[in-house]
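Asks: Before anything else, here's the structure in question.
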Protein chains: 2
Amino acid sequence: MTTSRKDHKILLSESEMPTQWYNIVPDLAAPPPPALHPGTKEPAGPADFEPLFPLALILQEVSMERYIDIPDEVLDIYRMWRPSPLYRAHRLEKALDTPARIYYKYEGVSPAGSHKPNTAVAQAYYNKQEGVKKLTTETGAGQWGSALAFACALFDMECEVWQVRSSYDQKPYRKALIETFGGVVHPSPSDLTEAGRAILQANPASPGSLGIAISEAVEVAAPLPEVRYALGSVLNHVLLHQTIIGEEVLLQLAKVEETPDVLVGCVGGGSNFGGLSFPFMREKMAGTMNPRITAVEPSACPSLTKGLYTYDFGDAAGMTPLMKMHTLGHDFVPDPIHAGGLRYHGMSPLLSHIYELGMLDAVAINQNECFDAGVQFARTEGIVPAPEPTHAIAGTIREALDAKEEGEERVIVTALCGHGLLDLTAYDRYFAGEMNDSAYPEERVQEAMTRIPAV
Amino acid sequence: MTTSRKDHKILLSESEMPTQWYNIVPDLAAPPPPALHPGTKEPAGPADFEPLFPLALILQEVSMERYIDIPDEVLDIYRMWRPSPLYRAHRLEKALDTPARIYYKYEGVSPAGSHKPNTAVAQAYYNKQEGVKKLTTETGAGQWGSALAFACALFDMECEVWQVRSSYDQKPYRKALIETFGGVVHPSPSDLTEAGRAILQANPASPGSLGIAISEAVEVAAPLPEVRYALGSVLNHVLLHQTIIGEEVLLQLAKVEETPDVLVGCVGGGSNFGGLSFPFMREKMAGTMNPRITAVEPSACPSLTKGLYTYDFGDAAGMTPLMKMHTLGHDFVPDPIHAGGLRYHGMSPLLSHIYELGMLDAVAINQNECFDAGVQFARTEGIVPAPEPTHAIAGTIREALDAKEEGEERVIVTALCGHGLLDLTAYDRYFAGEMNDSAYPEERVQEAMTRIPAV
């Protein structure tokens with residue numbers, strides 16, 4: 001099968017699919033700070049995580065192996081949609097009249113329509129191996145919840161999902177997709193948990209947040225031996241599983257003899273961004289290429305560009321270990337923007353640490369510019385992006401226009417981490433002019449930051 | 001790129017994509033009967049179609065060339081998603097415990113999520129070549145309307161869509177998708193046309209039908225020189241454009257050295273079914289293979305299995321030429337089942353003729369069996385099928401279970417002509433037990449048949 005830069009799709013065969021995940025931790029100049037026990041504030045050990053996660057994932061969380069073999073059963077499921085295509089954005093380039101060459105890795109071909117199944121399948125597999133019968137989780141836009149429901153269907157496990165209320169109301173099709181895969185879904189805050197009931201008592205109209213939904217899912221899983229919790233982003237093992245994205249892109253770019261000048265990705269919890277960029281950071285550290293690496297986050301929830309780098313809880317109720325990360329305050333509730341997957345108060349501790357090491361830049365973009373980019377992308381490339389990757393596309397368009405101004409044949413690589421077919425109400429509101437162009441909510445963030453615990 | 005039967009996806013490179021459409025007409029034992037002018041009842045000539053279609057498509061409609069070159073501009077757009085993957089349904093086979101090998105051609109990778117862009121792009125191209133500025137059309141489930149809106153976006157043309165009211169109400173996301181691609185959509189019957197107003201006067205709560213929506217779109221296009229009409233199925237040139245599906249499947253099956261024992265597809269107007277099966281019929285006529293070929297239609301709208309084979313109008317208002325086809329009566333309004341794309345009163349005249357020649361079987365299946373199949377498919381193969389191809393999957397599962405009973409390694413090939421992500425409300429109703437298990441509405445059909453015109 002021949003491939004050239006003139007093609008639209010750069011494909012790999014199933015036999016070319018990478019068979020290992022890449023762990024960036026041992027390659028870093030300094031190790032990331034440990035998580036702390038929320039009571040003792042001493043470094044948390046494996047035992048602190050055992051009520052929530054199977055041992056195999058806890059070991060991956062702290063692993064110092066550079067490469068971890070992907071189990072055969074997981075590889076076999078990945079092959080249902082992987083390797084995913086890398087597209088050359090010929091028509092977008094033409095519309096922008098740019099000398100830049102734009103490539104986008106498309107994860108929307110997965111059953112749940114995003115990159116999330118890469119880790120959902122791995123997490124369900126390791127839980128199943130250790131006898132777990134049911135997984136609980138939170139979901140924002142619903143991408144993660146549907147991914148985990150899909151993975152649980154394949155391993156014959158139950159799946160119970162708390163979906164952030166604002167997304168639950170905006171995106172009813174996600175609930176139907178979770179149910180089609182056999183999962184159960186509740187709006188969060190719910191009256192099924194103490195954490196949810198406490199929030200509802202304080203504010204019955206709470207739009208919810210990922211932090212609140214995490215509290216609910218954790219509360220249900222922790223006491224039950226055959227129930228575990230699964231997180232869709234933030235943690236080291238989640239980012240690890242997503243590195244198959246970047247590993248494939250490296251192989252695909254090599255097929256067309258391209259080296260990226262810049263990598264652009266969107267960041268919420270950090271898993272899609274880490275998955276794309278970590279293998280490129282490895283190459284950069286090894287001196288084989290030298291791309292700039294840029295993360296784009298929403299102005300309404302700008303944890304990298306405006307958050308503090310400090311120890312904070314991963315959830316709203318303060319039940320999780322303390323993690324050193326960029327945070328807007330664990331109980332900060334962002335505006336209900338459409339990019340539900342980017343509404344997390346914190347940022348992956350590993351990615352936060354890497355940001356502090358100076359290995360990437362970050363920029364925050366408002367919602368309207370992102371949807372402008374999403375519509376232009378749909379009308380040229382034919383794929384309607386999810387609201388989350390419209391941030392990556394908006395950043396990519398900025399780069400392409402800058403390359404035009406500079407007269408540079410810049411090679412831009414980005415990740416279209418999911419399609420927006422289940423987010424079309426967001427486009428509806430955009431066309432109706434009803435889009436809230438959320439900017440940085442400085443006062444509410446400052447207020448939430450006062451409740452970050454001292455360590 | 002190596003491929004084997006153990007793979008999940010059998011892929012072709014862009015350079016392997018077929019570059020010609022196959023016209024089955026010259027290979028048939030007898031020519032299909034001509035369309036008739038609705039007034040004179042004499043065979044209709046090109047001039048009768050000129051108010052609606054560009055000359056290039058009218059010539060394709062009556063062409064006796066076996067192969068027609070696909071224009072370069074169309075090939076270039078096809079390459080945005082084509083060649084589409086052929087999947088081996090390993091997990092469905094396992095769940096059914098069948099010795100059958102099941103392959104499905106997946107057209108859901110297209111921008112509109114179905115096979116419809118194959119002809120939408122071609123039709124927009126030929127119209128653009130002849131100076132047309134705007135296309136009007138009808139749509140049932142919305143697959144065709146969003147495909148044409150996408151195609152018009154690429155050729156910088158306007159697109160106006162009349163969507164069958166029952167689907168418009170059930171599937172609001174389709175409207176948003178059409179708008180995201182830059183199209184305009186109205187529910188049908190609408191008060192924008194005489195045809196629509198007449199129906200609304202008789203029945204203000206009319207759920208609409210494809211026949212009514214066609215009348216509206218035709219009425220708007222016919223008098224205006226720069227506006228033409230585009231039909232998403234039924235006509236010869238539409239089926240012609242879809243043959244790229246079957247041509248690709250032939251190449252893909254050859255890669256894994258398989259010969260089909262049976263082909264199963266769903267039929268509404270016939271374009272997906274013709275597109276899959278015509279190249280296989282050619283091979284069968286040439287003696288290179290001998291598959292059974294089976295069409296599955298909904299019990300609620302069983303034109304092949306219960307319709308008359310006679311001349312009838314293509315639309316509800318009786319504005320189109322008379323076509324000899326299997327028909328339930330041009331003003332028959334089927335139950336508002338979820339497979340909106342299969343709710344056409346007639347059947348492609350070409351496919352009807354081929355059915356009369358004995359080149360395929362047909363079977364009608366109720367809605368609940370189809371959704372049972374759709375859910376089993378989603379939970380094993382990971383793709384949620386649109387309601388239309390759940391009919392093909394239900395037929396495939398019947399074949400696979402029969403092969404199990406017979407202990408046969410039957411090779412079954414089917415077409416998953418679109419995903420159901422914009423049809424998830426249908427799955428919602430299925431899970432809620434609110435699915436109307438529509439069966440053959442014999443009395444209403446008999447009544448509608450009394451109004452079929454005498455020729």
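By convention in this document, the chains of the structure tokens carry letters A, B, ... by their order, each chain's residues are numbered from 1, and ligands are numbered from 1 in the order they are shown.
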Which residues of chain A come within 8 Å of chain B, and for each one, what is the closest pair of atoms and their distance in Å to one decimal, counting only C-alpha atoms, sorted by chain and residue number, as CSV?
Replies:
```
residue,atom,partner,partner_atom,distance
A:Met1,CA,B:Met1,CA,5.1
A:Thr2,CA,B:Ser13,CA,6.8
A:Thr3,CA,B:Ser13,CA,7.5
A:Asp7,CA,B:Glu14,CA,6.9
A:His8,CA,B:Met80,CA,5.7
A:Lys9,CA,B:Met80,CA,7.2
A:Leu11,CA,B:Ser13,CA,7.9
A:Leu12,CA,B:Met1,CA,7.4
A:Ser13,CA,B:Met1,CA,5.6
A:Glu14,CA,B:Asp7,CA,6.9
A:Ser15,CA,B:Thr2,CA,7.4
A:Arg79,CA,B:His8,CA,6.3
A:Met80,CA,B:His8,CA,5.7
A:Trp81,CA,B:Lys9,CA,7.9
A:Val109,CA,B:Val109,CA,7.6
A:Pro111,CA,B:Gly382,CA,4.9
A:Ala112,CA,B:Gly382,CA,7.8
A:Phe150,CA,B:Gly382,CA,6.9
A:Ala153,CA,B:Arg379,CA,5.9
A:Leu154,CA,B:Thr380,CA,6.6
A:Tyr173,CA,B:Leu424,CA,5.8
A:Ala176,CA,B:Asp428,CA,5.6
A:Leu177,CA,B:Leu424,CA,6.7
A:Thr180,CA,B:Val375,CA,6.4
A:Phe181,CA,B:Arg379,CA,5.5
A:Gly182,CA,B:Arg379,CA,7.6
A:Val375,CA,B:Thr180,CA,6.4
A:Ala378,CA,B:Phe181,CA,6.7
A:Arg379,CA,B:Phe181,CA,5.5
A:Thr380,CA,B:Leu154,CA,6.6
A:Glu381,CA,B:Met80,CA,7.6
A:Gly382,CA,B:Pro111,CA,4.9
A:Ile383,CA,B:Pro111,CA,5.5
A:Val384,CA,B:Thr180,CA,7.9
A:Leu421,CA,B:Leu421,CA,6.9
A:Leu422,CA,B:Leu421,CA,6.9
A:Leu424,CA,B:Tyr173,CA,5.9
A:Thr425,CA,B:Tyr173,CA,6.9
A:Tyr427,CA,B:Ala176,CA,6.8
A:Asp428,CA,B:Ala176,CA,5.6
```
Asks: Name the residues of segment 91-254 of chain B that fall into alpha helix (DSSP H) according to DSSP on the backbone, using the chain letters and numbers of this document, as a ChimeraX atom specification.
Replies: /B:91-96,117-129,143-154,165-170,172-180,194-202,210-221,236-254
Asks: What's the 8 Å shell around segment 205-212 of chain B, counting only C-alpha atoms, without same-chain residues fewer than 3 positions away, as a PyMOL selection string?
Replies: chain B and resi 138-140+164-166+188-189+195-196+199-200+215-216+314-317+330-331+333-334+336+343-345
Asks: So which residues touch segment 35-39 of chain B within 12 Å, counting only C-alpha atoms, skipping near sequence neighbours fewer than 2 positions away, as an mmCIF file with C-alpha atoms, in the first residue's frame?
Replies:
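out.cif was written with the following content:
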```cif
data_model
loop_
_atom_site.group_PDB
_atom_site.id
_atom_site.type_symbol
_atom_site.label_atom_id
_atom_site.label_comp_id
_atom_site.auth_asym_id
_atom_site.auth_seq_id
_atom_site.Cartn_x
_atom_site.Cartn_y
_atom_site.Cartn_z
ATOM 1 C CA PRO B 32 -35.741 -2.005 -18.178
ATOM 2 C CA PRO B 33 -39.068 -0.446 -19.279
ATOM 3 C CA LYS B 41 -48.099 8.327 -21.266
ATOM 4 C CA GLU B 42 -45.534 8.068 -24.074
ATOM 5 C CA PRO B 43 -41.919 7.201 -23.207
ATOM 6 C CA ALA B 44 -40.323 10.251 -21.553
ATOM 7 C CA GLY B 45 -37.374 11.824 -23.363
ATOM 8 C CA PRO B 46 -34.425 13.839 -22.051
ATOM 9 C CA ALA B 47 -36.445 17.062 -22.435
ATOM 10 C CA ASP B 48 -38.939 15.837 -19.840
ATOM 11 C CA PHE B 49 -36.158 15.663 -17.236
ATOM 12 C CA GLU B 61 -29.818 7.790 -16.620
ATOM 13 C CA VAL B 62 -30.216 6.232 -20.095
ATOM 14 C CA LEU B 235 -32.982 6.587 -10.274
ATOM 15 C CA ASN B 236 -30.481 4.751 -12.456
ATOM 16 C CA THR B 310 -46.670 -1.401 -12.384
ATOM 17 C CA TYR B 311 -46.329 2.201 -13.570
ATOM 18 C CA ASP B 312 -46.770 4.767 -10.795
ATOM 19 C CA PHE B 313 -45.617 8.238 -9.844
ATOM 20 C CA GLY B 314 -42.373 8.757 -7.945
ATOM 21 C CA ASP B 315 -43.932 11.417 -5.719
ATOM 22 C CA ALA B 317 -48.569 14.682 -5.778
ATOM 23 C CA GLY B 318 -48.137 12.962 -9.132
ATOM 24 C CA MET B 319 -45.739 15.477 -10.679
ATOM 25 C CA THR B 320 -42.964 13.106 -11.784
ATOM 26 C CA PRO B 321 -42.845 10.860 -14.860
ATOM 27 C CA LEU B 322 -44.484 7.454 -14.443
ATOM 28 C CA MET B 323 -41.999 4.712 -13.648
ATOM 29 C CA LYS B 324 -42.547 0.974 -13.762
ATOM 30 C CA MET B 325 -41.627 -0.246 -10.326
ATOM 31 C CA SER B 348 -35.918 1.791 -7.858
ATOM 32 C CA PRO B 349 -37.370 0.888 -11.301
ATOM 33 C CA LEU B 350 -34.041 -0.665 -12.255
ATOM 34 C CA PRO B 453 -52.941 5.467 -12.451
ATOM 35 C CA ALA B 454 -53.964 3.168 -15.318
ATOM 36 C CA VAL B 455 -51.467 3.116 -18.190
#
```
Asks: How many Å lie between atom CA of Glu388 of chain B and atom CA of Leu96 of chain B, rounded to one decimal?
Replies: 21.4 Å
Asks: Check the smallest atom-to-atom distance from each of B:Arg444, B:His338, B:Lys128, B:Arg228 to Asn368 of chain B using only C-alpha atoms, then report the winner.
Replies: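 The answer is B:His338, which sits nearest to Asn368 of chain B.
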Asks: For Ala29 of chain B, which residue among B:Met285, B:Gly407, B:Ile412, B:Asp372 is the nearest when counting only C-alpha atoms?
Replies: B:Met285
Asks: Provide the atom CA of Gly433 of chain B to atom CA of Ile337 of chain B distance in Å, to one decimal place.
Replies: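 Between these atoms lies a distance of 14.2 Å.
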Asks: Just list as an MDAnalysis selection string whatever in segment 217-450 of chain B DSSP marks as strand (DSSP E).
Replies: chainID B and resid 227:229 262:266 292:298 308:313 322:327 361:365 411:416
Asks: For atom CA of Cys417 of chain B and atom CA of Thr390 of chain A, quote the distance in Å rounded to one decimal.
Replies: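 According to the coordinates, atom CA of Cys417 of chain B and atom CA of Thr390 of chain A are separated by 27.7 Å.
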